[in-house]
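Colleague: Hey, dropping coords_4.cif in here, mmCIF, C-alpha atoms:
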data_data
#
loop_
_atom_site.label_atom_id
_atom_site.label_comp_id
_atom_site.auth_asym_id
_atom_site.auth_seq_id
_atom_site.Cartn_x
_atom_site.Cartn_y
_atom_site.Cartn_z
CA MET A 1 98.18 128.82 88.00
CA HIS A 2 97.14 128.58 91.65
CA PRO A 3 97.79 125.45 93.79
CA SER A 4 94.15 124.70 94.47
CA VAL A 5 91.49 122.27 93.31
CA THR A 6 88.01 122.89 91.94
CA PHE A 7 85.52 120.02 92.08
CA LEU A 8 82.66 120.20 89.59
CA ASN A 9 79.83 118.12 90.98
CA PHE A 10 78.02 116.73 87.95
CA ASP A 11 77.58 113.16 89.17
CA HIS A 12 78.35 113.05 92.94
CA THR A 13 81.44 110.86 92.43
CA TYR A 14 83.65 113.16 94.51
CA THR A 15 81.35 112.95 97.51
CA TRP A 16 82.80 109.45 97.92
CA GLN A 17 86.43 110.60 97.63
CA ARG A 18 86.72 112.41 100.94
CA ASN A 19 90.52 112.32 101.11
CA LEU A 20 90.69 114.68 98.14
CA LEU A 21 88.87 117.33 100.12
CA ARG A 22 91.92 117.71 102.36
CA PHE A 23 93.54 119.73 99.58
CA PRO A 24 92.72 123.46 99.27
CA HIS A 25 89.58 123.39 97.18
CA GLU A 26 86.27 124.84 96.16
CA TRP A 27 83.12 122.96 95.22
CA ILE A 28 80.72 123.92 92.42
CA ASP A 29 77.46 121.99 92.03
CA MET A 30 76.48 121.19 88.44
CA TYR A 31 74.21 118.17 88.95
CA ASP A 32 70.97 120.15 88.60
CA ILE A 33 71.80 121.39 85.08
CA LYS A 34 69.76 119.50 82.47
CA GLY A 35 71.18 118.40 79.13
CA THR A 36 74.74 117.62 80.28
CA ASN A 37 75.25 113.84 80.18
CA LEU A 38 77.47 112.83 77.20
CA TYR A 39 76.13 115.76 75.12
CA CYS A 40 75.77 119.39 76.12
CA ASP A 41 73.17 121.68 74.60
CA ASP A 42 73.55 125.45 74.25
CA GLN A 43 71.54 126.35 77.31
CA ALA A 44 73.49 123.92 79.48
CA ILE A 45 76.86 125.17 78.28
CA ARG A 46 75.88 128.75 79.08
CA GLU A 47 74.90 127.75 82.60
CA ILE A 48 78.14 125.79 83.09
CA GLU A 49 80.16 128.80 81.92
CA SER A 50 78.22 131.06 84.29
CA ARG A 51 78.93 128.87 87.30
CA LEU A 52 82.60 128.53 86.39
CA THR A 53 82.97 132.31 86.58
CA ARG A 54 82.36 131.99 90.34
CA ARG A 55 85.71 130.30 90.86
CA TYR A 56 88.19 132.19 92.99
CA THR A 57 91.29 130.55 91.52
CA ARG A 58 92.44 128.78 88.38
CA GLY A 59 94.31 125.58 89.16
CA ILE A 60 93.29 121.94 88.91
CA THR A 61 89.71 121.15 87.89
CA PHE A 62 88.06 117.80 88.54
CA ILE A 63 85.18 117.21 86.16
CA GLY A 64 83.74 113.80 87.14
CA SER A 65 82.89 111.00 84.74
CA GLY A 66 84.38 111.03 81.26
CA ASN A 67 80.82 111.71 80.08
CA TYR A 68 81.50 115.35 81.00
CA HIS A 69 84.95 115.71 79.44
CA TYR A 70 83.58 118.35 77.07
CA VAL A 71 83.84 120.82 79.99
CA SER A 72 87.52 121.04 79.05
CA TYR A 73 86.41 123.05 76.03
CA VAL A 74 84.84 125.64 78.32
CA LEU A 75 88.02 125.80 80.39
CA LEU A 76 90.18 126.28 77.28
CA LYS A 77 88.19 129.30 76.16
CA GLN A 78 89.59 131.48 78.95
CA PHE A 79 93.17 131.61 77.67
CA HIS A 80 94.49 134.48 75.56
CA GLU A 81 98.00 133.07 75.07
CA LEU A 82 98.82 130.69 72.25
CA PHE A 83 98.91 127.24 73.81
CA THR A 84 99.04 123.51 73.14
CA LEU A 85 96.47 121.11 74.53
CA VAL A 86 98.24 118.06 75.97
CA LEU A 87 95.59 115.37 76.29
CA PHE A 88 96.12 112.09 78.11
CA ASP A 89 93.26 109.95 76.85
CA HIS A 90 92.54 106.50 75.48
CA HIS A 91 90.30 108.23 72.91
CA THR A 92 91.07 111.23 70.72
CA ASP A 93 87.71 112.92 71.43
CA MET A 94 87.85 114.27 67.88
CA ASN A 95 84.68 112.72 66.46
CA GLU A 96 82.76 115.05 64.18
CA GLN A 97 79.12 115.53 65.19
CA THR A 98 77.57 116.08 61.76
CA LEU A 99 73.97 114.91 62.20
CA PHE A 100 73.54 116.55 65.61
CA PRO A 101 76.32 119.17 65.92
CA LEU A 102 76.26 119.29 69.73
CA LEU A 103 79.28 119.60 71.95
CA SER A 104 79.96 116.13 73.37
CA CYS A 105 82.50 114.12 75.32
CA GLY A 106 83.58 112.51 72.05
CA SER A 107 83.88 115.64 69.92
CA TRP A 108 85.10 118.41 72.22
CA VAL A 109 88.69 118.44 70.89
CA SER A 110 87.51 119.05 67.31
CA TYR A 111 85.07 121.63 68.67
CA ALA A 112 87.88 123.42 70.50
CA GLN A 113 90.06 123.46 67.39
CA LYS A 114 87.29 125.31 65.55
CA HIS A 115 86.22 127.68 68.31
CA VAL A 116 89.28 128.42 70.46
CA PRO A 117 91.55 130.69 68.36
CA THR A 118 94.50 130.50 70.78
CA LEU A 119 94.66 126.69 70.59
CA LYS A 120 97.62 126.18 68.27
CA HIS A 121 98.28 122.44 68.52
CA VAL A 122 97.00 119.25 70.16
CA VAL A 123 99.22 116.50 71.53
CA ILE A 124 97.39 113.29 72.51
CA ILE A 125 99.20 110.70 74.61
CA GLY A 126 98.06 107.12 75.16
CA SER A 127 95.32 106.98 72.52
CA ALA A 128 94.22 103.81 70.75
CA SER A 129 94.44 105.84 67.52
CA SER A 130 97.72 106.78 65.86
CA GLN A 131 96.52 109.11 63.08
CA SER A 132 98.43 112.36 63.53
CA SER A 133 97.98 115.43 61.33
CA SER A 134 99.49 118.88 60.88
CA HIS A 135 97.57 120.18 63.90
CA VAL A 136 97.49 117.01 66.00
CA THR A 137 100.37 114.84 67.20
CA ILE A 138 99.43 111.46 68.66
CA PHE A 139 101.66 109.26 70.79
CA PRO A 140 99.61 106.04 70.71
CA LYS A 141 99.41 103.58 73.58
CA SER A 142 101.43 101.09 71.56
CA ASP A 143 104.37 103.51 71.64
CA LEU A 144 104.54 104.49 75.30
CA ILE A 145 108.26 103.82 75.25
CA TYR A 146 108.64 107.35 73.90
CA ALA A 147 110.85 109.47 76.12
CA PRO A 148 109.31 112.60 77.66
CA THR A 149 111.77 114.67 75.61
CA ALA A 150 110.12 113.42 72.41
CA ILE A 151 106.77 114.65 73.67
CA MET A 152 108.23 118.03 74.62
CA ARG A 153 109.64 118.42 71.10
CA ALA A 154 106.14 117.90 69.68
CA ILE A 155 104.81 120.91 71.60
CA PRO A 156 105.36 124.10 69.56
CA THR A 157 104.26 126.60 72.24
CA LYS A 158 105.58 127.84 75.55
CA HIS A 159 102.16 127.47 77.18
CA VAL A 160 100.30 124.18 77.61
CA TYR A 161 97.02 123.04 79.07
CA ILE A 162 96.88 119.50 80.44
CA SER A 163 93.69 117.45 80.25
CA ILE A 164 93.63 113.95 81.74
CA ASP A 165 91.02 111.26 81.24
CA LYS A 166 91.91 108.40 83.54
CA ASP A 167 90.73 105.93 80.91
CA VAL A 168 94.28 106.33 79.57
CA LEU A 169 95.43 104.32 82.61
CA ARG A 170 95.59 100.57 83.07
CA LYS A 171 92.85 99.07 85.24
CA GLN A 172 95.29 98.33 88.06
CA ASP A 173 95.58 102.09 88.63
CA ALA A 174 92.09 103.42 87.82
CA GLN A 175 88.70 102.21 86.69
CA THR A 176 86.37 104.19 84.43
CA ASN A 177 83.07 103.74 82.62
CA TRP A 178 84.83 103.57 79.23
CA ASP A 179 87.29 101.12 77.68
CA GLN A 180 90.80 101.77 78.93
CA GLY A 181 94.42 102.01 77.89
CA THR A 182 97.63 100.60 79.30
CA MET A 183 99.52 103.53 80.82
CA ALA A 184 100.81 103.07 84.36
CA LEU A 185 100.03 105.80 86.89
CA HIS A 186 103.72 106.38 87.62
CA THR A 187 104.27 106.99 83.88
CA LEU A 188 101.50 109.59 83.81
CA VAL A 189 102.97 111.29 86.89
CA THR A 190 106.39 111.35 85.21
CA TYR A 191 104.96 113.03 82.10
CA ILE A 192 103.17 115.60 84.25
CA GLY A 193 106.44 116.46 85.99
CA HIS A 194 108.27 116.97 82.69
CA LEU A 195 105.49 119.21 81.38
CA PHE A 196 105.66 121.44 84.44
CA GLN A 197 109.45 121.57 84.26
CA SER A 198 109.64 122.29 80.52
CA LYS A 199 106.55 124.41 79.82
CA HIS A 200 104.28 126.99 81.41
CA VAL A 201 101.17 125.09 82.46
CA LEU A 202 98.03 127.21 82.21
CA GLY A 203 95.75 124.68 83.87
CA VAL A 204 94.95 121.03 84.44
CA ASP A 205 91.69 119.10 84.39
CA ILE A 206 90.94 115.48 85.27
CA CYS A 207 87.98 113.24 84.54
CA GLY A 208 87.30 109.51 84.33
CA GLU A 209 85.40 108.74 87.51
CA ASP A 210 83.20 105.73 88.16
CA VAL A 211 81.18 105.62 91.36
CA SER A 212 81.76 101.87 91.63
CA PHE A 213 85.53 102.30 91.91
CA CYS A 214 85.94 105.46 93.97
CA ALA A 215 88.66 104.11 96.29
CA LYS A 216 90.98 103.18 93.41
CA ASN A 217 90.28 106.39 91.51
CA GLU A 218 90.76 108.47 94.63
CA LYS A 219 94.33 107.18 94.97
CA ALA A 220 95.05 108.01 91.35
CA ASN A 221 93.52 111.47 91.72
CA GLU A 222 95.56 112.16 94.82
CA ALA A 223 98.76 111.15 93.00
CA ILE A 224 97.91 113.51 90.14
CA ILE A 225 97.20 116.40 92.51
CA ARG A 226 100.48 115.87 94.35
CA ALA A 227 102.41 115.68 91.07
CA CYS A 228 100.94 119.05 90.05
CA PHE A 229 101.29 120.74 93.43
CA LYS A 230 104.93 119.72 93.57
CA HIS A 231 105.67 122.10 90.70
CA MET A 232 103.19 124.91 91.46
CA PRO A 233 104.60 127.82 93.50
CA VAL A 234 102.43 128.53 96.54
CA SER A 235 102.64 132.29 95.99
CA SER A 236 101.34 132.22 92.41
CA ALA A 237 97.80 133.27 91.58
CA SER A 238 95.80 133.92 88.46
#
The structure in this file should be written as structure tokens.
Modeller:
Amino acid sequence: MHPSVTFLNFDHTYTWQRNLLRFPHEWIDMYDIKGTNLYCDDQAIREIESRLTRRYTRGITFIGSGNYHYVSYVLLKQFHELFTLVLFDHHTDMNEQTLFPLLSCGSWVSYAQKHVPTLKHVVIIGSASSQSSSHVTIFPKSDLIYAPTAIMRAIPTKHVYISIDKDVLRKQDAQTNWDQGTMALHTLVTYIGHLFQSKHVLGVDICGEDVSFCAKNEKANEAIIRACFKHMPVSSAS
């Protein structure tokens, strides 16, 4: 995993977060692709995948609004190692789309479980739901007193992929266009540090932007980048 940032420009929210552009980064425009808001049709997903192949490095990916969180599914497809998805999110994103079986921001985790063969387990932290299963372990927002070691024990693989929706955070630390949880930013940063120290992190993505609250979200994004960069060797590349 390379210490660099990729900004996916679906909704122009990062054009207002100029401080983030001080980090080593690349910029990929996605705003002209039709059929991407909330739901993603087959043609759109193929175009997104095509543009993602232009990336020079694989590190931290910023997606934009939570409406585009389904892009995480595309990012997960690249890994050949068995891995666990560690999702920080106020929602499980495991809704089943039965009437219109499109990939969406609310169903992408279930979609990934069906279509990404190397995804062995899902750990969700900070969700309003608490319904775990044999393939999903949930640490609900009501139980954020759990020690990081308990979370590490729930991860059965050496490799992990971290996906962060900032709607997991309390409104003092970030503001999104969805209902939000209660996690403090410093708690999220602590969990990120433990994951990097205990596991091999294949990649990280972040979403949960709202153009009306760019200054607050920019500070949270910068803290997340620094927490990741702290544990990523400068000489690594993938």
Colleague: Each residue of range 131-165 of chain A lying at most 12 Å from range 1-14 of chain A should get a row with its shortest atom-to-atom pair and the distance in Å to one decimal, counting all atoms listed in the file; could you produce that, ordered by chain and increasing number, as JSON lines?
Modeller:
{"residue": "A:His159", "atom": "CA", "partner": "A:Met1", "partner_atom": "CA", "distance": 11.6}
{"residue": "A:Val160", "atom": "CA", "partner": "A:Met1", "partner_atom": "CA", "distance": 11.6}
{"residue": "A:Tyr161", "atom": "CA", "partner": "A:Met1", "partner_atom": "CA", "distance": 10.7}
Colleague: Those same residues - C-alpha atoms - I'd like them written as a PDB file, in the frame of the given file.
Modeller:
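Output file result.pdb is given in full below:
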ATOM      1  CA  HIS A 159     102.160 127.470  77.180  1.00  0.00           C
ATOM      2  CA  VAL A 160     100.300 124.180  77.610  1.00  0.00           C
ATOM      3  CA  TYR A 161      97.020 123.040  79.070  1.00  0.00           C
TER       4      TYR A 161
END
Colleague: Hey, which of A:Gly66, A:Glu96, A:Arg54, A:Lys114 ends up closest to Asn177 in chain A? Count only C-alpha atoms.
Modeller: A:Gly66
Colleague: Show which residues sit within 12 Å of Met232 in chain A, as number ranges by chain. Count all atoms listed in the file, and ignore same-chain residues fewer than 5 positions away.
Modeller: A: 1-4, 58-60, 192-193, 195-197, 200-204, 225-227, 237
Colleague: For Phe83 in chain A, work out the shell of residues within 12 Å, counting all atoms listed in the file and skipping chain neighbours fewer than 3 positions away, then give it as a PDB file with C-alpha atoms, keeping the file's coordinate frame.
Modeller:
ATOM      1  CA  LEU A  76      90.180 126.280  77.280  1.00  0.00           C
ATOM      2  CA  LYS A  77      88.190 129.300  76.160  1.00  0.00           C
ATOM      3  CA  GLN A  78      89.590 131.480  78.950  1.00  0.00           C
ATOM      4  CA  PHE A  79      93.170 131.610  77.670  1.00  0.00           C
ATOM      5  CA  HIS A  80      94.490 134.480  75.560  1.00  0.00           C
ATOM      6  CA  VAL A  86      98.240 118.060  75.970  1.00  0.00           C
ATOM      7  CA  GLN A 113      90.060 123.460  67.390  1.00  0.00           C
ATOM      8  CA  VAL A 116      89.280 128.420  70.460  1.00  0.00           C
ATOM      9  CA  PRO A 117      91.550 130.690  68.360  1.00  0.00           C
ATOM     10  CA  THR A 118      94.500 130.500  70.780  1.00  0.00           C
ATOM     11  CA  LEU A 119      94.660 126.690  70.590  1.00  0.00           C
ATOM     12  CA  LYS A 120      97.620 126.180  68.270  1.00  0.00           C
ATOM     13  CA  HIS A 121      98.280 122.440  68.520  1.00  0.00           C
ATOM     14  CA  VAL A 122      97.000 119.250  70.160  1.00  0.00           C
ATOM     15  CA  VAL A 123      99.220 116.500  71.530  1.00  0.00           C
ATOM     16  CA  ILE A 155     104.810 120.910  71.600  1.00  0.00           C
ATOM     17  CA  PRO A 156     105.360 124.100  69.560  1.00  0.00           C
ATOM     18  CA  THR A 157     104.260 126.600  72.240  1.00  0.00           C
ATOM     19  CA  LYS A 158     105.580 127.840  75.550  1.00  0.00           C
ATOM     20  CA  HIS A 159     102.160 127.470  77.180  1.00  0.00           C
ATOM     21  CA  VAL A 160     100.300 124.180  77.610  1.00  0.00           C
ATOM     22  CA  TYR A 161      97.020 123.040  79.070  1.00  0.00           C
ATOM     23  CA  ILE A 162      96.880 119.500  80.440  1.00  0.00           C
ATOM     24  CA  LYS A 199     106.550 124.410  79.820  1.00  0.00           C
ATOM     25  CA  HIS A 200     104.280 126.990  81.410  1.00  0.00           C
ATOM     26  CA  VAL A 201     101.170 125.090  82.460  1.00  0.00           C
ATOM     27  CA  LEU A 202      98.030 127.210  82.210  1.00  0.00           C
ATOM     28  CA  GLY A 203      95.750 124.680  83.870  1.00  0.00           C
TER      29      GLY A 203
END
Colleague: Smallest atom-to-atom distance to Thr187 in chain A: which of A:Phe229, A:Phe88, A:Phe213, A:Tyr73, using all atoms listed in the file?
Modeller: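 For Thr187 in chain A, the nearest of the candidates is A:Phe88.
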Colleague: Name all residues at most 12 Å from Ser104 in chain A (count all atoms listed in the file; drop same-chain ones fewer than 6 positions away) and give them as a list in words.
Modeller: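 Once the adjacent positions are removed, what remains is Gly35, Thr36, Asn37, Leu38, Tyr39, Cys40, Asp41, Asp42, Ala44, Ile45, Gly66, Asn67, Tyr68, His69, Tyr70, Val71, Ser72, Tyr73, Val74, Asp93, Met94, Asn95, Glu96, Gln97, Thr98, Ser110, Tyr111 and Ala112 of chain A.
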Colleague: Please save C-alpha atoms of the selected residues as an mmCIF file, in the coordinates of the input.
Modeller:
data_model
loop_
_atom_site.group_PDB
_atom_site.id
_atom_site.type_symbol
_atom_site.label_atom_id
_atom_site.label_comp_id
_atom_site.auth_asym_id
_atom_site.auth_seq_id
_atom_site.Cartn_x
_atom_site.Cartn_y
_atom_site.Cartn_z
ATOM 1 C CA GLY A 35 71.180 118.400 79.130
ATOM 2 C CA THR A 36 74.740 117.620 80.280
ATOM 3 C CA ASN A 37 75.250 113.840 80.180
ATOM 4 C CA LEU A 38 77.470 112.830 77.200
ATOM 5 C CA TYR A 39 76.130 115.760 75.120
ATOM 6 C CA CYS A 40 75.770 119.390 76.120
ATOM 7 C CA ASP A 41 73.170 121.680 74.600
ATOM 8 C CA ASP A 42 73.550 125.450 74.250
ATOM 9 C CA ALA A 44 73.490 123.920 79.480
ATOM 10 C CA ILE A 45 76.860 125.170 78.280
ATOM 11 C CA GLY A 66 84.380 111.030 81.260
ATOM 12 C CA ASN A 67 80.820 111.710 80.080
ATOM 13 C CA TYR A 68 81.500 115.350 81.000
ATOM 14 C CA HIS A 69 84.950 115.710 79.440
ATOM 15 C CA TYR A 70 83.580 118.350 77.070
ATOM 16 C CA VAL A 71 83.840 120.820 79.990
ATOM 17 C CA SER A 72 87.520 121.040 79.050
ATOM 18 C CA TYR A 73 86.410 123.050 76.030
ATOM 19 C CA VAL A 74 84.840 125.640 78.320
ATOM 20 C CA ASP A 93 87.710 112.920 71.430
ATOM 21 C CA MET A 94 87.850 114.270 67.880
ATOM 22 C CA ASN A 95 84.680 112.720 66.460
ATOM 23 C CA GLU A 96 82.760 115.050 64.180
ATOM 24 C CA GLN A 97 79.120 115.530 65.190
ATOM 25 C CA THR A 98 77.570 116.080 61.760
ATOM 26 C CA SER A 110 87.510 119.050 67.310
ATOM 27 C CA TYR A 111 85.070 121.630 68.670
ATOM 28 C CA ALA A 112 87.880 123.420 70.500
#
Colleague: Evaluated on this file, the PyMOL selection byres ((chain A and resi 63) around 6) picks out some residues - which ones are they, written as a PDB file with C-alpha atoms, keeping the file's coordinate frame?
Modeller:
ATOM      1  CA  LEU A   8      82.660 120.200  89.590  1.00  0.00           C
ATOM      2  CA  PHE A  62      88.060 117.800  88.540  1.00  0.00           C
ATOM      3  CA  GLY A  64      83.740 113.800  87.140  1.00  0.00           C
ATOM      4  CA  CYS A 207      87.980 113.240  84.540  1.00  0.00           C
TER       5      CYS A 207
END
Colleague: Just how far from CA of Ile164 in chain A is CA of Lys230 in chain A, in Å to one decimal?
Modeller: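 Separation between CA of Lys230 in chain A and CA of Ile164 in chain A: 17.3 Å.
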Colleague: Measure the distance from CA of Ile124 in chain A to CA of Val109 in chain A in Å and round it to one decimal.
Modeller: 10.2 Å
Colleague: On this structure, the PyMOL selection byres ((chain A and resi 173) around 7) would catch which residues? List them as a PyMOL selection string, sorted by chain and number.
Modeller: chain A and resi 169-172+174+184-185+216+220
Colleague: Of the residues A:Ile151, A:Ala215, A:Leu87, A:Val168, which is the one nearest to Trp108 in chain A, using only C-alpha atoms?
Modeller: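 Selected residue with least distance to Trp108 in chain A: A:Leu87.
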Colleague: Once the PyMOL selection byres ((chain A and resi 20-24) around 7) has been evaluated on this model, what residues remain selected, and can you format them as an mmCIF file with C-alpha atoms, in the coordinates of the input?
Modeller:
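Saved file expr35.cif follows:
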data_model
loop_
_atom_site.group_PDB
_atom_site.id
_atom_site.type_symbol
_atom_site.label_atom_id
_atom_site.label_comp_id
_atom_site.auth_asym_id
_atom_site.auth_seq_id
_atom_site.Cartn_x
_atom_site.Cartn_y
_atom_site.Cartn_z
ATOM 1 C CA SER A 4 94.150 124.700 94.470
ATOM 2 C CA VAL A 5 91.490 122.270 93.310
ATOM 3 C CA GLN A 17 86.430 110.600 97.630
ATOM 4 C CA ARG A 18 86.720 112.410 100.940
ATOM 5 C CA ASN A 19 90.520 112.320 101.110
ATOM 6 C CA HIS A 25 89.580 123.390 97.180
ATOM 7 C CA GLU A 222 95.560 112.160 94.820
#
Colleague: From the list A:Thr149, A:Leu75, A:Asp210, A:Asn217, which residue is nearest Ser163 in chain A when using only C-alpha atoms?
Modeller: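 Among the listed residues, the smallest separation from Ser163 in chain A belongs to A:Leu75.
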Colleague: Do you have the CA of Trp178 in chain A-CA of Ser134 in chain A distance handy?
Modeller: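 According to the coordinates, CA of Trp178 in chain A and CA of Ser134 in chain A are separated by 28.0 Å.
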